[in-house]
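Note: the block below is data-v3.pdb and it holds PDB, C-alpha atoms, pLDDT in the B column.
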MODEL        1
ATOM      1  CA  MET A   1       0.000   0.000   0.000  1.00 49.00           C
ATOM      2  CA  ARG A   2       1.211   3.487  -0.791  1.00 66.00           C
ATOM      3  CA  ARG A   3       0.938   6.376   1.577  1.00 87.00           C
ATOM      4  CA  LYS A   4      -1.608   9.077   0.903  1.00 92.00           C
ATOM      5  CA  ASP A   5       0.911  11.671  -0.213  1.00 92.00           C
ATOM      6  CA  ALA A   6       2.309   9.296  -2.856  1.00 93.00           C
ATOM      7  CA  ILE A   7      -1.193   8.568  -4.166  1.00 94.00           C
ATOM      8  CA  ARG A   8      -2.002  12.273  -4.165  1.00 94.00           C
ATOM      9  CA  GLN A   9       1.056  13.208  -6.199  1.00 94.00           C
ATOM     10  CA  ASP A  10       0.472  10.357  -8.653  1.00 95.00           C
ATOM     11  CA  VAL A  11      -3.097  11.531  -9.227  1.00 97.00           C
ATOM     12  CA  PHE A  12      -2.015  15.170  -9.576  1.00 96.00           C
ATOM     13  CA  GLY A  13       0.138  14.174 -12.532  1.00 95.00           C
ATOM     14  CA  LYS A  14      -2.922  12.770 -14.308  1.00 97.00           C
ATOM     15  CA  LEU A  15      -5.344  15.433 -13.101  1.00 97.00           C
ATOM     16  CA  ARG A  16      -3.641  18.315 -14.876  1.00 95.00           C
ATOM     17  CA  ALA A  17      -4.826  16.949 -18.240  1.00 97.00           C
ATOM     18  CA  VAL A  18      -8.524  17.137 -17.246  1.00 98.00           C
ATOM     19  CA  ALA A  19      -8.648  19.815 -14.511  1.00 97.00           C
ATOM     20  CA  LEU A  20      -9.923  23.360 -14.952  1.00 96.00           C
ATOM     21  CA  PRO A  21      -7.533  25.999 -13.530  1.00 94.00           C
ATOM     22  CA  ASP A  22      -8.572  28.113 -10.570  1.00 92.00           C
ATOM     23  CA  SER A  23      -8.602  31.916 -10.849  1.00 87.00           C
ATOM     24  CA  ARG A  24      -6.508  32.191  -7.690  1.00 90.00           C
ATOM     25  CA  PHE A  25      -4.329  29.063  -7.670  1.00 92.00           C
ATOM     26  CA  ASP A  26      -4.070  28.098 -11.366  1.00 95.00           C
ATOM     27  CA  TYR A  27      -3.031  24.403 -11.275  1.00 94.00           C
ATOM     28  CA  ASP A  28      -1.685  24.313  -7.714  1.00 95.00           C
ATOM     29  CA  PHE A  29      -3.677  21.268  -6.576  1.00 95.00           C
ATOM     30  CA  ASP A  30      -2.159  21.490  -3.094  1.00 92.00           C
ATOM     31  CA  SER A  31      -4.253  24.662  -2.632  1.00 93.00           C
ATOM     32  CA  PHE A  32      -7.652  23.692  -4.063  1.00 92.00           C
ATOM     33  CA  ILE A  33      -9.730  20.801  -5.376  1.00 95.00           C
ATOM     34  CA  PRO A  34     -10.386  21.586  -9.041  1.00 96.00           C
ATOM     35  CA  ASP A  35     -13.374  21.319 -11.299  1.00 97.00           C
ATOM     36  CA  PHE A  36     -12.760  19.034 -14.249  1.00 98.00           C
ATOM     37  CA  SER A  37     -13.941  18.219 -17.742  1.00 97.00           C
ATOM     38  CA  GLY A  38     -16.949  15.947 -17.466  1.00 97.00           C
ATOM     39  CA  SER A  39     -18.237  17.331 -14.162  1.00 97.00           C
ATOM     40  CA  PRO A  40     -21.726  17.975 -15.691  1.00 97.00           C
ATOM     41  CA  GLN A  41     -21.912  14.260 -16.497  1.00 98.00           C
ATOM     42  CA  ALA A  42     -20.924  13.408 -12.928  1.00 98.00           C
ATOM     43  CA  LEU A  43     -23.672  15.783 -11.741  1.00 96.00           C
ATOM     44  CA  ASP A  44     -26.209  14.001 -13.925  1.00 97.00           C
ATOM     45  CA  ARG A  45     -25.251  10.720 -12.292  1.00 97.00           C
ATOM     46  CA  LEU A  46     -25.536  12.159  -8.800  1.00 97.00           C
ATOM     47  CA  VAL A  47     -28.989  13.677  -9.224  1.00 97.00           C
ATOM     48  CA  THR A  48     -30.375  10.414 -10.654  1.00 96.00           C
ATOM     49  CA  LEU A  49     -29.445   8.495  -7.501  1.00 97.00           C
ATOM     50  CA  ARG A  50     -32.504   7.272  -5.629  1.00 95.00           C
ATOM     51  CA  LEU A  51     -31.550   9.149  -2.464  1.00 96.00           C
ATOM     52  CA  TYR A  52     -31.462  12.525  -4.248  1.00 97.00           C
ATOM     53  CA  GLY A  53     -35.243  12.759  -4.533  1.00 93.00           C
ATOM     54  CA  GLY A  54     -35.718  12.814  -0.758  1.00 93.00           C
ATOM     55  CA  LEU A  55     -33.070  15.357   0.171  1.00 97.00           C
ATOM     56  CA  LYS A  56     -34.086  18.380   2.228  1.00 96.00           C
ATOM     57  CA  LEU A  57     -30.942  19.493   4.076  1.00 96.00           C
ATOM     58  CA  ILE A  58     -27.378  18.613   3.066  1.00 96.00           C
ATOM     59  CA  PHE A  59     -23.768  19.567   3.723  1.00 95.00           C
ATOM     60  CA  THR A  60     -21.572  20.402   0.744  1.00 94.00           C
ATOM     61  CA  THR A  61     -17.916  21.367   0.622  1.00 93.00           C
ATOM     62  CA  PRO A  62     -16.855  24.558  -1.206  1.00 90.00           C
ATOM     63  CA  ASP A  63     -14.818  22.655  -3.805  1.00 94.00           C
ATOM     64  CA  ASN A  64     -14.724  23.938  -7.383  1.00 94.00           C
ATOM     65  CA  SER A  65     -15.861  20.529  -8.640  1.00 95.00           C
ATOM     66  CA  LEU A  66     -19.173  20.885  -6.775  1.00 95.00           C
ATOM     67  CA  GLU A  67     -20.225  24.307  -8.065  1.00 92.00           C
ATOM     68  CA  GLY A  68     -22.635  22.759 -10.583  1.00 93.00           C
ATOM     69  CA  PHE A  69     -24.104  20.452  -7.957  1.00 94.00           C
ATOM     70  CA  ARG A  70     -24.570  23.257  -5.426  1.00 92.00           C
ATOM     71  CA  GLY A  71     -26.443  25.289  -8.030  1.00 89.00           C
ATOM     72  CA  ARG A  72     -28.650  22.357  -9.049  1.00 93.00           C
ATOM     73  CA  ALA A  73     -29.466  21.517  -5.434  1.00 93.00           C
ATOM     74  CA  LEU A  74     -30.419  25.133  -4.731  1.00 88.00           C
ATOM     75  CA  ARG A  75     -32.730  25.197  -7.756  1.00 91.00           C
ATOM     76  CA  ASP A  76     -34.303  21.971  -6.520  1.00 94.00           C
ATOM     77  CA  GLY A  77     -35.061  23.587  -3.159  1.00 93.00           C
ATOM     78  CA  ILE A  78     -32.503  21.652  -1.139  1.00 94.00           C
ATOM     79  CA  ARG A  79     -31.107  23.676   1.750  1.00 91.00           C
ATOM     80  CA  GLN A  80     -27.347  23.575   2.077  1.00 90.00           C
ATOM     81  CA  VAL A  81     -24.869  24.062   4.868  1.00 90.00           C
ATOM     82  CA  ILE A  82     -21.396  24.835   3.512  1.00 87.00           C
ATOM     83  CA  SER A  83     -18.582  24.887   6.069  1.00 72.00           C
ATOM     84  CA  ALA A  84     -21.043  26.115   8.709  1.00 53.00           C
ATOM     85  CA  GLY A  85     -22.673  28.744   6.516  1.00 49.00           C
ATOM     86  CA  GLU A  86     -26.189  28.593   5.087  1.00 48.00           C
ATOM     87  CA  ILE A  87     -27.357  29.693   1.613  1.00 49.00           C
ATOM     88  CA  THR A  88     -30.982  30.633   1.084  1.00 49.00           C
ATOM     89  CA  ARG A  89     -30.901  32.297  -2.353  1.00 48.00           C
ATOM     90  CA  HIS A  90     -31.691  29.865  -5.177  1.00 48.00           C
ATOM     91  CA  ASP A  91     -29.506  30.759  -8.160  1.00 48.00           C
ATOM     92  CA  ALA A  92     -26.206  29.852  -9.774  1.00 46.00           C
ATOM     93  CA  TYR A  93     -24.390  32.893  -8.355  1.00 42.00           C
ATOM     94  CA  ALA A  94     -25.097  31.722  -4.811  1.00 45.00           C
ATOM     95  CA  ALA A  95     -23.370  28.408  -5.598  1.00 43.00           C
ATOM     96  CA  THR A  96     -20.019  30.017  -6.491  1.00 50.00           C
ATOM     97  CA  LEU A  97     -17.314  30.759  -3.937  1.00 51.00           C
ATOM     98  CA  ASP A  98     -17.242  34.460  -4.839  1.00 49.00           C
ATOM     99  CA  GLY A  99     -21.018  34.543  -4.740  1.00 46.00           C
ATOM    100  CA  MET A 100     -21.168  32.976  -1.292  1.00 51.00           C
ATOM    101  CA  GLU A 101     -18.725  35.526   0.093  1.00 50.00           C
ATOM    102  CA  ARG A 102     -20.592  38.447  -1.484  1.00 47.00           C
ATOM    103  CA  LEU A 103     -23.996  37.167  -0.351  1.00 46.00           C
ATOM    104  CA  ALA A 104     -22.687  36.680   3.162  1.00 46.00           C
ATOM    105  CA  GLN A 105     -21.802  40.374   3.173  1.00 44.00           C
ATOM    106  CA  GLN A 106     -25.305  41.207   1.923  1.00 46.00           C
ATOM    107  CA  GLY A 107     -27.039  38.905   4.393  1.00 51.00           C
ATOM    108  CA  THR A 108     -28.508  36.447   1.856  1.00 52.00           C
ATOM    109  CA  ALA A 109     -25.979  33.818   2.833  1.00 57.00           C
ATOM    110  CA  ARG A 110     -24.862  33.815   6.430  1.00 64.00           C
ATOM    111  CA  TYR A 111     -22.473  32.162   8.813  1.00 76.00           C
ATOM    112  CA  LEU A 112     -24.136  29.990  11.420  1.00 83.00           C
ATOM    113  CA  THR A 113     -23.267  29.458  15.041  1.00 87.00           C
ATOM    114  CA  LEU A 114     -22.902  25.862  16.142  1.00 90.00           C
ATOM    115  CA  ARG A 115     -26.161  26.135  18.092  1.00 91.00           C
ATOM    116  CA  GLU A 116     -27.888  27.233  14.887  1.00 91.00           C
ATOM    117  CA  VAL A 117     -26.442  24.252  13.061  1.00 90.00           C
ATOM    118  CA  GLN A 118     -27.893  22.003  15.760  1.00 92.00           C
ATOM    119  CA  ARG A 119     -31.306  23.639  15.419  1.00 93.00           C
ATOM    120  CA  LEU A 120     -31.369  22.951  11.670  1.00 92.00           C
ATOM    121  CA  GLY A 121     -31.885  19.276  12.463  1.00 94.00           C
ATOM    122  CA  ARG A 122     -30.563  16.151  10.819  1.00 96.00           C
ATOM    123  CA  LEU A 123     -28.543  16.385   7.619  1.00 97.00           C
ATOM    124  CA  ASP A 124     -29.594  13.948   4.899  1.00 98.00           C
ATOM    125  CA  LEU A 125     -26.288  13.782   3.018  1.00 98.00           C
ATOM    126  CA  LEU A 126     -22.708  15.078   2.785  1.00 98.00           C
ATOM    127  CA  VAL A 127     -21.188  15.749  -0.651  1.00 98.00           C
ATOM    128  CA  THR A 128     -17.494  16.417  -1.082  1.00 97.00           C
ATOM    129  CA  GLY A 129     -14.777  16.669  -3.684  1.00 97.00           C
ATOM    130  CA  ALA A 130     -11.387  15.033  -3.213  1.00 97.00           C
ATOM    131  CA  SER A 131      -7.841  15.003  -4.457  1.00 97.00           C
ATOM    132  CA  ALA A 132      -8.218  11.240  -4.795  1.00 97.00           C
ATOM    133  CA  VAL A 133     -10.455   8.486  -3.457  1.00 98.00           C
ATOM    134  CA  CYS A 134      -9.746   4.788  -3.124  1.00 97.00           C
ATOM    135  CA  THR A 135     -12.281   2.211  -4.266  1.00 96.00           C
ATOM    136  CA  ASN A 136     -12.614   1.046  -0.651  1.00 96.00           C
ATOM    137  CA  GLY A 137     -13.957   4.497   0.308  1.00 97.00           C
ATOM    138  CA  VAL A 138     -10.835   6.084   1.786  1.00 97.00           C
ATOM    139  CA  ARG A 139     -10.878   9.724   0.711  1.00 97.00           C
ATOM    140  CA  ILE A 140      -7.665  11.705   0.218  1.00 96.00           C
ATOM    141  CA  GLY A 141      -7.957  15.491   0.396  1.00 94.00           C
ATOM    142  CA  LYS A 142      -5.336  18.218   0.145  1.00 91.00           C
ATOM    143  CA  GLY A 143      -3.710  16.995   3.341  1.00 86.00           C
ATOM    144  CA  HIS A 144      -5.189  19.474   5.835  1.00 83.00           C
ATOM    145  CA  GLY A 145      -7.955  17.213   7.149  1.00 87.00           C
ATOM    146  CA  TYR A 146     -10.705  19.832   6.888  1.00 89.00           C
ATOM    147  CA  PHE A 147     -13.468  17.521   5.664  1.00 94.00           C
ATOM    148  CA  ASP A 148     -12.668  14.942   8.340  1.00 94.00           C
ATOM    149  CA  LEU A 149     -12.877  17.723  10.935  1.00 92.00           C
ATOM    150  CA  GLU A 150     -16.197  18.897   9.516  1.00 93.00           C
ATOM    151  CA  TRP A 151     -17.582  15.365   9.703  1.00 96.00           C
ATOM    152  CA  ALA A 152     -16.451  14.990  13.320  1.00 95.00           C
ATOM    153  CA  MET A 153     -17.854  18.400  14.283  1.00 93.00           C
ATOM    154  CA  LEU A 154     -21.231  17.614  12.742  1.00 95.00           C
ATOM    155  CA  ARG A 155     -21.241  14.227  14.451  1.00 96.00           C
ATOM    156  CA  MET A 156     -20.540  15.819  17.832  1.00 95.00           C
ATOM    157  CA  LEU A 157     -23.340  18.323  17.212  1.00 94.00           C
ATOM    158  CA  GLY A 158     -25.723  15.411  16.655  1.00 94.00           C
ATOM    159  CA  VAL A 159     -26.850  16.433  13.158  1.00 96.00           C
ATOM    160  CA  ILE A 160     -25.362  13.365  11.437  1.00 97.00           C
ATOM    161  CA  ARG A 161     -24.998   9.704  12.372  1.00 95.00           C
ATOM    162  CA  ASP A 162     -22.523   7.033  11.336  1.00 94.00           C
ATOM    163  CA  GLU A 163     -24.925   5.893   8.624  1.00 95.00           C
ATOM    164  CA  THR A 164     -25.407   9.376   7.114  1.00 97.00           C
ATOM    165  CA  PRO A 165     -24.310   8.898   3.484  1.00 97.00           C
ATOM    166  CA  VAL A 166     -21.200  10.584   2.080  1.00 98.00           C
ATOM    167  CA  ILE A 167     -20.714  11.045  -1.676  1.00 98.00           C
ATOM    168  CA  ALA A 168     -17.408  11.981  -3.330  1.00 98.00           C
ATOM    169  CA  VAL A 169     -17.595  13.613  -6.771  1.00 98.00           C
ATOM    170  CA  VAL A 170     -14.335  13.198  -8.704  1.00 98.00           C
ATOM    171  CA  HIS A 171     -12.923  12.589 -12.181  1.00 98.00           C
ATOM    172  CA  ASP A 172     -12.143   9.008 -13.169  1.00 98.00           C
ATOM    173  CA  VAL A 173      -8.388   9.705 -12.933  1.00 98.00           C
ATOM    174  CA  GLN A 174      -8.885  10.518  -9.231  1.00 98.00           C
ATOM    175  CA  VAL A 175     -10.242   7.055  -8.430  1.00 98.00           C
ATOM    176  CA  VAL A 176      -7.510   4.724  -7.184  1.00 97.00           C
ATOM    177  CA  ASP A 177      -8.074   0.965  -7.124  1.00 95.00           C
ATOM    178  CA  GLU A 178      -6.226   0.402  -3.873  1.00 91.00           C
ATOM    179  CA  ASP A 179      -7.262  -1.037  -0.517  1.00 91.00           C
ATOM    180  CA  LEU A 180      -5.638   1.700   1.543  1.00 92.00           C
ATOM    181  CA  ALA A 181      -6.101   1.207   5.278  1.00 92.00           C
ATOM    182  CA  PRO A 182      -7.909   4.224   6.776  1.00 93.00           C
ATOM    183  CA  GLU A 183      -6.632   6.289   9.654  1.00 92.00           C
ATOM    184  CA  PRO A 184      -8.900   6.689  12.717  1.00 91.00           C
ATOM    185  CA  ILE A 185      -9.769  10.245  11.613  1.00 92.00           C
ATOM    186  CA  ASP A 186     -10.738   9.298   8.035  1.00 95.00           C
ATOM    187  CA  THR A 187     -14.321   9.822   6.886  1.00 96.00           C
ATOM    188  CA  ILE A 188     -15.145   6.859   4.659  1.00 97.00           C
ATOM    189  CA  VAL A 189     -17.109   7.538   1.457  1.00 98.00           C
ATOM    190  CA  ASP A 190     -20.242   5.528   0.604  1.00 98.00           C
ATOM    191  CA  ILE A 191     -20.623   6.452  -3.057  1.00 98.00           C
ATOM    192  CA  ILE A 192     -18.070   7.656  -5.623  1.00 98.00           C
ATOM    193  CA  VAL A 193     -19.500   9.515  -8.624  1.00 98.00           C
ATOM    194  CA  THR A 194     -17.408  10.206 -11.735  1.00 98.00           C
ATOM    195  CA  PRO A 195     -18.372  11.294 -15.264  1.00 98.00           C
ATOM    196  CA  THR A 196     -18.559   7.632 -16.331  1.00 98.00           C
ATOM    197  CA  HIS A 197     -19.185   5.560 -13.210  1.00 97.00           C
ATOM    198  CA  THR A 198     -21.198   5.383 -10.002  1.00 98.00           C
ATOM    199  CA  ILE A 199     -19.378   3.220  -7.465  1.00 98.00           C
ATOM    200  CA  GLU A 200     -21.186   2.072  -4.335  1.00 97.00           C
ATOM    201  CA  VAL A 201     -18.697   1.246  -1.586  1.00 97.00           C
ATOM    202  CA  PRO A 202     -19.588  -1.565   0.858  1.00 94.00           C
ATOM    203  CA  ARG A 203     -19.050  -0.228   4.370  1.00 90.00           C
ATOM    204  CA  ARG A 204     -16.104  -1.950   6.043  1.00 91.00           C
ATOM    205  CA  TYR A 205     -14.854   0.708   8.425  1.00 92.00           C
ATOM    206  CA  PRO A 206     -16.433   2.933  11.101  1.00 90.00           C
ATOM    207  CA  ARG A 207     -16.284   6.694  10.830  1.00 94.00           C
ATOM    208  CA  PRO A 208     -15.095   9.125  13.524  1.00 93.00           C
ATOM    209  CA  GLU A 209     -17.496   9.904  16.346  1.00 93.00           C
ATOM    210  CA  ARG A 210     -15.617  12.934  17.629  1.00 92.00           C
ATOM    211  CA  ILE A 211     -12.625  15.166  17.070  1.00 92.00           C
ATOM    212  CA  GLN A 212      -9.335  13.793  18.331  1.00 89.00           C
ATOM    213  CA  TRP A 213      -8.127  17.005  19.886  1.00 89.00           C
ATOM    214  CA  ASP A 214      -4.594  15.713  20.496  1.00 87.00           C
ATOM    215  CA  ARG A 215      -4.146  15.063  16.757  1.00 86.00           C
ATOM    216  CA  LEU A 216      -4.925  18.602  15.607  1.00 87.00           C
ATOM    217  CA  ALA A 217      -2.089  20.291  13.769  1.00 82.00           C
ATOM    218  CA  PRO A 218      -0.402  23.227  15.547  1.00 83.00           C
ATOM    219  CA  GLY A 219      -2.326  26.441  14.987  1.00 82.00           C
ATOM    220  CA  MET A 220      -5.507  24.656  13.892  1.00 84.00           C
ATOM    221  CA  MET A 221      -7.524  25.891  16.885  1.00 85.00           C
ATOM    222  CA  ASP A 222      -6.649  29.494  16.018  1.00 83.00           C
ATOM    223  CA  ALA A 223      -7.250  29.011  12.288  1.00 80.00           C
ATOM    224  CA  ILE A 224     -10.717  27.496  12.784  1.00 83.00           C
ATOM    225  CA  PRO A 225     -12.663  29.391  15.479  1.00 82.00           C
ATOM    226  CA  TYR A 226     -15.475  26.806  15.324  1.00 86.00           C
ATOM    227  CA  LEU A 227     -13.159  24.290  16.995  1.00 88.00           C
ATOM    228  CA  ALA A 228     -12.822  26.408  20.135  1.00 86.00           C
ATOM    229  CA  ASP A 229     -16.572  27.081  20.061  1.00 88.00           C
ATOM    230  CA  LEU A 230     -17.270  23.351  19.831  1.00 90.00           C
ATOM    231  CA  LYS A 231     -14.980  22.556  22.724  1.00 85.00           C
ATOM    232  CA  GLN A 232     -16.814  25.107  24.905  1.00 86.00           C
ATOM    233  CA  LEU A 233     -20.212  23.851  23.752  1.00 85.00           C
ATOM    234  CA  VAL A 234     -19.354  20.245  24.589  1.00 80.00           C
ATOM    235  CA  ALA A 235     -17.967  21.285  27.995  1.00 76.00           C
ATOM    236  CA  LYS A 236     -21.224  23.124  28.809  1.00 72.00           C
ATOM    237  CA  GLU A 237     -23.356  20.145  27.809  1.00 70.00           C
ATOM    238  CA  VAL A 238     -21.238  17.758  29.881  1.00 64.00           C
ATOM    239  CA  ALA A 239     -21.532  20.088  32.877  1.00 61.00           C
ATOM    240  CA  ARG A 240     -25.336  20.057  32.779  1.00 63.00           C
TER
ENDMDL
END

Representation of the structure as structure tokens:
Amino acid sequence: MRRKDAIRQDVFGKLRAVALPDSRFDYDFDSFIPDFSGSPQALDRLVTLRLYGGLKLIFTTPDNSLEGFRGRALRDGIRQVISAGEITRHDAYAATLDGMERLAQQGTARYLTLREVQRLGRLDLLVTGASAVCTNGVRIGKGHGYFDLEWAMLRMLGVIRDETPVIAVVHDVQVVDEDLAPEPIDTIVDIIVTPTHTIEVPRRYPRPERIQWDRLAPGMMDAIPYLADLKQLVAKEVAR
């Protein structure tokens, strides 16, 4: 088995041929997860899944590859939480990263407190991009662990359960046929959607129930204020 960084770099070499450059980072895949040629076809596959018809509230990551999906979900009336922010305006502009930031300034999209996230209720689905994903469901991101942290935070808030489905939307070159053993912090993917395939992953591994505070990288608590908020929230609930 290869380590994640070796898989990531191998995929990056193939991804450049199909990826769309970012306006800020060009082809620096260590800094963003790109959109790719064929992403509309991957979107078509995702929205024809049986579970899509019953979605009401979902979590989506702000990856470039999911811009089309975020817009489609908004038009279909599906509420979305994106990295602890909520979008209520239903148009394509609201699905873009620039649009989200501008709408947050205008008040149409807004940042939520953790208590507000709890009051939204149960999430039906999490959708994420990836740098690479193994066919056994092990997802490989940019190496910062943000999505795994988001999963653990949502789990601790009680708005998702272990069985809440996770879908990764990637290009075919990002799918690696390797049985990579997951780390305890890894959020295993249930379904992999590409422009040409829909891969259902049999669940073999549990997913994190909580944040492993001792494994956070130095400076992470300062970089992500929600982590400190969560720690205080959990302490208050334990003290009750």

I would like the residues chosen by the PyMOL selection byres ((chain A and resi 8) around 9) on the shown file; could you give them as a short mmCIF file (atom, residue, chain, number, x, y, z; two decimals) with C-alpha atoms, in the coordinates of the input?
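Listing of result14.cif after writing:
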data_model
loop_
_atom_site.label_atom_id
_atom_site.label_comp_id
_atom_site.auth_asym_id
_atom_site.auth_seq_id
_atom_site.Cartn_x
_atom_site.Cartn_y
_atom_site.Cartn_z
CA ARG A 3 0.94 6.38 1.58
CA LYS A 4 -1.61 9.08 0.90
CA ASP A 5 0.91 11.67 -0.21
CA ALA A 6 2.31 9.30 -2.86
CA ILE A 7 -1.19 8.57 -4.17
CA GLN A 9 1.06 13.21 -6.20
CA ASP A 10 0.47 10.36 -8.65
CA VAL A 11 -3.10 11.53 -9.23
CA PHE A 12 -2.02 15.17 -9.58
CA GLY A 13 0.14 14.17 -12.53
CA SER A 131 -7.84 15.00 -4.46
CA ALA A 132 -8.22 11.24 -4.80
CA ILE A 140 -7.66 11.70 0.22
CA GLY A 141 -7.96 15.49 0.40
CA LYS A 142 -5.34 18.22 0.14
CA GLN A 174 -8.88 10.52 -9.23
#

Expanded to explicit residues, what is the PyMOL selection byres ((chain A and resi 231-238) around 10) for this file, as a PyMOL selection string?
chain A and resi 114-115+153+156-157+211+213+226-230+239-240

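Between atom CA of Leu20 of chain A and atom CA of Ser37 of chain A lies a distance of 7.1 Å.
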
Write out as JSON lines a residue-level contact list of segment 51-91 of chain A versus segment 38-41 of chain A with cut-off 12 Å: for each qualifying residue the closest pair of atoms and the distance in Å to one decimal, counting only C-alpha atoms, rows sorted by chain and residue number upward.
{"residue": "A:Asn64", "atom": "CA", "partner": "A:Ser39", "partner_atom": "CA", "distance": 10.1}
{"residue": "A:Ser65", "atom": "CA", "partner": "A:Ser39", "partner_atom": "CA", "distance": 6.8}
{"residue": "A:Leu66", "atom": "CA", "partner": "A:Ser39", "partner_atom": "CA", "distance": 8.3}
{"residue": "A:Glu67", "atom": "CA", "partner": "A:Ser39", "partner_atom": "CA", "distance": 9.5}
{"residue": "A:Gly68", "atom": "CA", "partner": "A:Pro40", "partner_atom": "CA", "distance": 7.1}
{"residue": "A:Phe69", "atom": "CA", "partner": "A:Pro40", "partner_atom": "CA", "distance": 8.5}
{"residue": "A:Arg70", "atom": "CA", "partner": "A:Pro40", "partner_atom": "CA", "distance": 11.9}
{"residue": "A:Gly71", "atom": "CA", "partner": "A:Pro40", "partner_atom": "CA", "distance": 11.6}
{"residue": "A:Arg72", "atom": "CA", "partner": "A:Pro40", "partner_atom": "CA", "distance": 10.5}

Suppose we keep C-alpha atoms; can you now write the selection as a CSV table (one decimal), in the coordinates of the input?
chain,number,residue,atom,x,y,z
A,64,ASN,CA,-14.7,23.9,-7.4
A,65,SER,CA,-15.9,20.5,-8.6
A,66,LEU,CA,-19.2,20.9,-6.8
A,67,GLU,CA,-20.2,24.3,-8.1
A,68,GLY,CA,-22.6,22.8,-10.6
A,69,PHE,CA,-24.1,20.5,-8.0
A,70,ARG,CA,-24.6,23.3,-5.4
A,71,GLY,CA,-26.4,25.3,-8.0
A,72,ARG,CA,-28.6,22.4,-9.0

Selection result for the PyMOL selection byres ((chain A and resi 76-80) around 6) on this file, as a PDB file with C-alpha atoms, in the frame of the given file:
ATOM      1  CA  LYS A  56     -34.086  18.380   2.228  1.00 96.00           C
ATOM      2  CA  LEU A  57     -30.942  19.493   4.076  1.00 96.00           C
ATOM      3  CA  ILE A  58     -27.378  18.613   3.066  1.00 96.00           C
ATOM      4  CA  PHE A  59     -23.768  19.567   3.723  1.00 95.00           C
ATOM      5  CA  ALA A  73     -29.466  21.517  -5.434  1.00 93.00           C
ATOM      6  CA  LEU A  74     -30.419  25.133  -4.731  1.00 88.00           C
ATOM      7  CA  ARG A  75     -32.730  25.197  -7.756  1.00 91.00           C
ATOM      8  CA  VAL A  81     -24.869  24.062   4.868  1.00 90.00           C
ATOM      9  CA  GLU A  86     -26.189  28.593   5.087  1.00 48.00           C
TER      10      GLU A  86
END

What does the distance between atom CA of Arg161 of chain A and atom CA of Pro208 of chain A come to in Å, to one decimal place?
10.0 Å

Name the residues in contact with segment 198-207 of chain A at a cut-off of 12 Å, using all atoms listed in the file, excluding same-chain residues fewer than 2 positions from it; report them as number ranges by chain.
A: 41-49, 133-139, 148-149, 151-152, 155, 160-172, 175-177, 179-196, 209-211

Generate a file of the selected residues that holds C-alpha atoms, formatted as a short mmCIF file (atom, residue, chain, number, x, y, z; two decimals), in the coordinates of the input.
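What follows is the written file selection-v2.cif:
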data_model
loop_
_atom_site.label_atom_id
_atom_site.label_comp_id
_atom_site.auth_asym_id
_atom_site.auth_seq_id
_atom_site.Cartn_x
_atom_site.Cartn_y
_atom_site.Cartn_z
CA GLN A 41 -21.91 14.26 -16.50
CA ALA A 42 -20.92 13.41 -12.93
CA LEU A 43 -23.67 15.78 -11.74
CA ASP A 44 -26.21 14.00 -13.92
CA ARG A 45 -25.25 10.72 -12.29
CA LEU A 46 -25.54 12.16 -8.80
CA VAL A 47 -28.99 13.68 -9.22
CA THR A 48 -30.38 10.41 -10.65
CA LEU A 49 -29.44 8.49 -7.50
CA VAL A 133 -10.46 8.49 -3.46
CA CYS A 134 -9.75 4.79 -3.12
CA THR A 135 -12.28 2.21 -4.27
CA ASN A 136 -12.61 1.05 -0.65
CA GLY A 137 -13.96 4.50 0.31
CA VAL A 138 -10.84 6.08 1.79
CA ARG A 139 -10.88 9.72 0.71
CA ASP A 148 -12.67 14.94 8.34
CA LEU A 149 -12.88 17.72 10.94
CA TRP A 151 -17.58 15.36 9.70
CA ALA A 152 -16.45 14.99 13.32
CA ARG A 155 -21.24 14.23 14.45
CA ILE A 160 -25.36 13.36 11.44
CA ARG A 161 -25.00 9.70 12.37
CA ASP A 162 -22.52 7.03 11.34
CA GLU A 163 -24.92 5.89 8.62
CA THR A 164 -25.41 9.38 7.11
CA PRO A 165 -24.31 8.90 3.48
CA VAL A 166 -21.20 10.58 2.08
CA ILE A 167 -20.71 11.04 -1.68
CA ALA A 168 -17.41 11.98 -3.33
CA VAL A 169 -17.60 13.61 -6.77
CA VAL A 170 -14.34 13.20 -8.70
CA HIS A 171 -12.92 12.59 -12.18
CA ASP A 172 -12.14 9.01 -13.17
CA VAL A 175 -10.24 7.06 -8.43
CA VAL A 176 -7.51 4.72 -7.18
CA ASP A 177 -8.07 0.96 -7.12
CA ASP A 179 -7.26 -1.04 -0.52
CA LEU A 180 -5.64 1.70 1.54
CA ALA A 181 -6.10 1.21 5.28
CA PRO A 182 -7.91 4.22 6.78
CA GLU A 183 -6.63 6.29 9.65
CA PRO A 184 -8.90 6.69 12.72
CA ILE A 185 -9.77 10.24 11.61
CA ASP A 186 -10.74 9.30 8.04
CA THR A 187 -14.32 9.82 6.89
CA ILE A 188 -15.14 6.86 4.66
CA VAL A 189 -17.11 7.54 1.46
CA ASP A 190 -20.24 5.53 0.60
CA ILE A 191 -20.62 6.45 -3.06
CA ILE A 192 -18.07 7.66 -5.62
CA VAL A 193 -19.50 9.52 -8.62
CA THR A 194 -17.41 10.21 -11.74
CA PRO A 195 -18.37 11.29 -15.26
CA THR A 196 -18.56 7.63 -16.33
CA GLU A 209 -17.50 9.90 16.35
CA ARG A 210 -15.62 12.93 17.63
CA ILE A 211 -12.62 15.17 17.07
#

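Here atom CA of Ala217 of chain A and atom CA of Arg24 of chain A stand 24.9 Å from one another.
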
Proximity to Tyr27 of chain A - best of A:Leu15, A:Leu120, A:Glu178, A:Gly54, only C-alpha atoms
A:Leu15

Build an axis-aligned box that encloses every atom of segment 35-50 of chain A listed in the file, pad it by 4 Å on each side, and report its centre and edge lengths in Å to one decimal, as lines of an AutoDock Vina configuration file.
center_x = -22.6
center_y = 14.3
center_z = -11.7
size_x = 27.7
size_y = 22.0
size_z = 20.1
